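Heads up: the structure comes next, in structure tokens.
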Amino acid sequence: MPRALAPLALMVVIFILSGQSQTGSGFPEWARVVAHFSEYALLAALWVWALAPRIGRKALLAAAAISVLYAVSDEIHQSFIAGRDADPFDVVVDCAGIAAALALISVRARSRRMARRAP
């Protein structure tokens, strides 16, 4: 269970950042999109790392489910914060980050398995 502390810690950081008022943030839109993509890609990768020493389909699916559900809950959380609102586009960007990370992990694991089989 110690490995689960890493993704849980990131979830706490996301929760804290989401709880802050957005008024006057000054960040350009592209930076916000990159941040959403990156933080959820990292979250998904950390969940895969925490759930399985060997990359397997179940770990990838569990990491995807946890990360997507957290992205949705994060937007719901933001809807209760003054100066913030729930934006479905953010969930789309979050899911794109999750999918990208899990695709890279899957491809890397597949290439490692194939390399072990090669003479």
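Following the order of the structure tokens, chains are lettered A, B, ..., residues in each are numbered from 1, and ligands are numbered from 1.
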Requested in this report: Write out as a ChimeraX atom specification all residues of stretch 58-103 of chain A that DSSP puts in helix (DSSP H, G or I) for this structure's backbone.
Outcome: /A:58-78,88-103
Query raised in the report: Skipping near chain neighbours, those fewer than 5 positions away, what residues fall within 9 Å of stretch 9-13 of chain A using only C-alpha atoms, listed as an NGL selection string?
Result: :A and (4 or 18 or 39 or 42-43 or 46 or 70)
Quick one: write out the picked residues with N, CA and C atoms as a PDB file, in the first residue's frame?
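out_5.pdb, freshly written:
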```pdb
ATOM      1  N   ALA A   4       0.592   3.432  -3.085  1.00  0.00           N
ATOM      2  CA  ALA A   4      -0.647   4.193  -3.287  1.00  0.00           C
ATOM      3  C   ALA A   4      -0.548   5.599  -2.701  1.00  0.00           C
ATOM      4  N   SER A  18      -7.800  22.959  -6.734  1.00  0.00           N
ATOM      5  CA  SER A  18      -9.167  23.157  -7.234  1.00  0.00           C
ATOM      6  C   SER A  18     -10.025  23.956  -6.267  1.00  0.00           C
ATOM      7  N   GLU A  39      -1.313  16.873 -15.308  1.00  0.00           N
ATOM      8  CA  GLU A  39      -1.563  16.366 -13.966  1.00  0.00           C
ATOM      9  C   GLU A  39      -2.367  15.069 -13.995  1.00  0.00           C
ATOM     10  N   LEU A  42      -0.082  12.209 -15.247  1.00  0.00           N
ATOM     11  CA  LEU A  42       0.744  11.764 -14.120  1.00  0.00           C
ATOM     12  C   LEU A  42      -0.078  10.954 -13.122  1.00  0.00           C
ATOM     13  N   LEU A  43      -1.292  11.388 -12.844  1.00  0.00           N
ATOM     14  CA  LEU A  43      -2.141  10.649 -11.901  1.00  0.00           C
ATOM     15  C   LEU A  43      -2.391   9.223 -12.396  1.00  0.00           C
ATOM     16  N   LEU A  46       0.792   7.169 -12.084  1.00  0.00           N
ATOM     17  CA  LEU A  46       1.061   6.812 -10.684  1.00  0.00           C
ATOM     18  C   LEU A  46       0.135   5.709 -10.191  1.00  0.00           C
ATOM     19  N   TYR A  70     -12.012  10.666 -10.722  1.00  0.00           N
ATOM     20  CA  TYR A  70     -11.482  11.794  -9.967  1.00  0.00           C
ATOM     21  C   TYR A  70     -11.568  13.088 -10.777  1.00  0.00           C
TER      22      TYR A  70
END
```
Report summary line: Of A:Ser106, A:Ser38, A:Gln22, A:Ser67, the one sitting nearest A:Ala86 when using only C-alpha atoms is A:Gln22
**Report entry** Near-A:Asp74 list (9 Å; only C-alpha atoms; drop same-chain fewer than 5 positions) as a ChimeraX atom specification
**Finding:** /A:14-15,18,69,79,86,91
Report task. In Å, rounded to a single decimal, give me how far atom CA of A:Leu61 is from atom CA of A:Val33. Result ->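 For atom CA of A:Val33 relative to atom CA of A:Leu61, the distance reads 23.9 Å.
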Query raised in the report: Skipping near chain neighbours, those fewer than 3 positions away, what residues fall within 9 Å of A:Val68 using only C-alpha atoms, listed as a ChimeraX atom specification?
Result: /A:40,44,63-65,71-73,91,94-95,98
Using C-alpha atoms, can you export the residues from the last selection as a compact mmCIF listing (two decimals), in the first residue's frame?
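Resulting contents of result-v4.txt:
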```txt
# COMPACT_ATOMS: atom_id res chain seq x y z
CA TYR A 40 -4.06 13.69 -15.01
CA ALA A 44 -2.98 7.74 -14.21
CA ALA A 63 -5.98 3.39 -13.17
CA ALA A 64 -8.19 4.74 -15.95
CA ALA A 65 -11.37 4.34 -13.90
CA ALA A 71 -11.48 14.19 -12.95
CA VAL A 72 -15.27 14.28 -12.87
CA SER A 73 -15.38 14.71 -9.10
CA VAL A 91 -12.77 16.65 -18.10
CA ASP A 94 -8.07 15.33 -18.29
CA CYS A 95 -9.25 12.19 -20.10
CA ILE A 98 -5.12 9.85 -18.93
```
Requested in this report: Choose the residue, out of A:Arg84, A:Arg57, A:Ile66, A:Ala96, that has the smallest atom-to-atom separation from A:Ala109; count only C-alpha atoms.
Outcome: A:Arg57
Query raised in the report: What's the 9 Å shell around A:Leu51, counting only C-alpha atoms, without same-chain residues fewer than 4 positions away, as a list in words?
Result: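 That gives Met1, Arg3, Ala4, Leu46, Trp47, Ile55, Lys58, Ala59, Leu60, Ala62 and Ala63 of chain A.
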Would you mind exporting the chosen residues as an mmCIF file, in the first residue's frame, restricted to C-alpha atoms?
```cif
data_model
loop_
_atom_site.group_PDB
_atom_site.id
_atom_site.type_symbol
_atom_site.label_atom_id
_atom_site.label_comp_id
_atom_site.auth_asym_id
_atom_site.auth_seq_id
_atom_site.Cartn_x
_atom_site.Cartn_y
_atom_site.Cartn_z
ATOM 1 C CA MET A 1 0.000 0.000 0.000
ATOM 2 C CA ARG A 3 2.932 2.913 -3.452
ATOM 3 C CA ALA A 4 -0.647 4.193 -3.287
ATOM 4 C CA LEU A 46 1.061 6.812 -10.684
ATOM 5 C CA TRP A 47 -2.030 4.658 -10.239
ATOM 6 C CA ILE A 55 1.782 -3.769 -16.148
ATOM 7 C CA LYS A 58 -6.484 -4.828 -14.961
ATOM 8 C CA ALA A 59 -4.046 -2.235 -13.601
ATOM 9 C CA LEU A 60 -4.515 -0.061 -16.692
ATOM 10 C CA ALA A 62 -8.327 0.411 -12.739
ATOM 11 C CA ALA A 63 -5.982 3.390 -13.168
#
```
Requested in this report: Go through A:Leu8, A:Met114, A:Ile76, A:Ala99 and flag the residue nearest A:Ala50, using only C-alpha atoms for the distances.
Outcome: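 Going through A:Leu8, A:Met114, A:Ile76, A:Ala99 one by one, the smallest distance to A:Ala50 is for A:Leu8.
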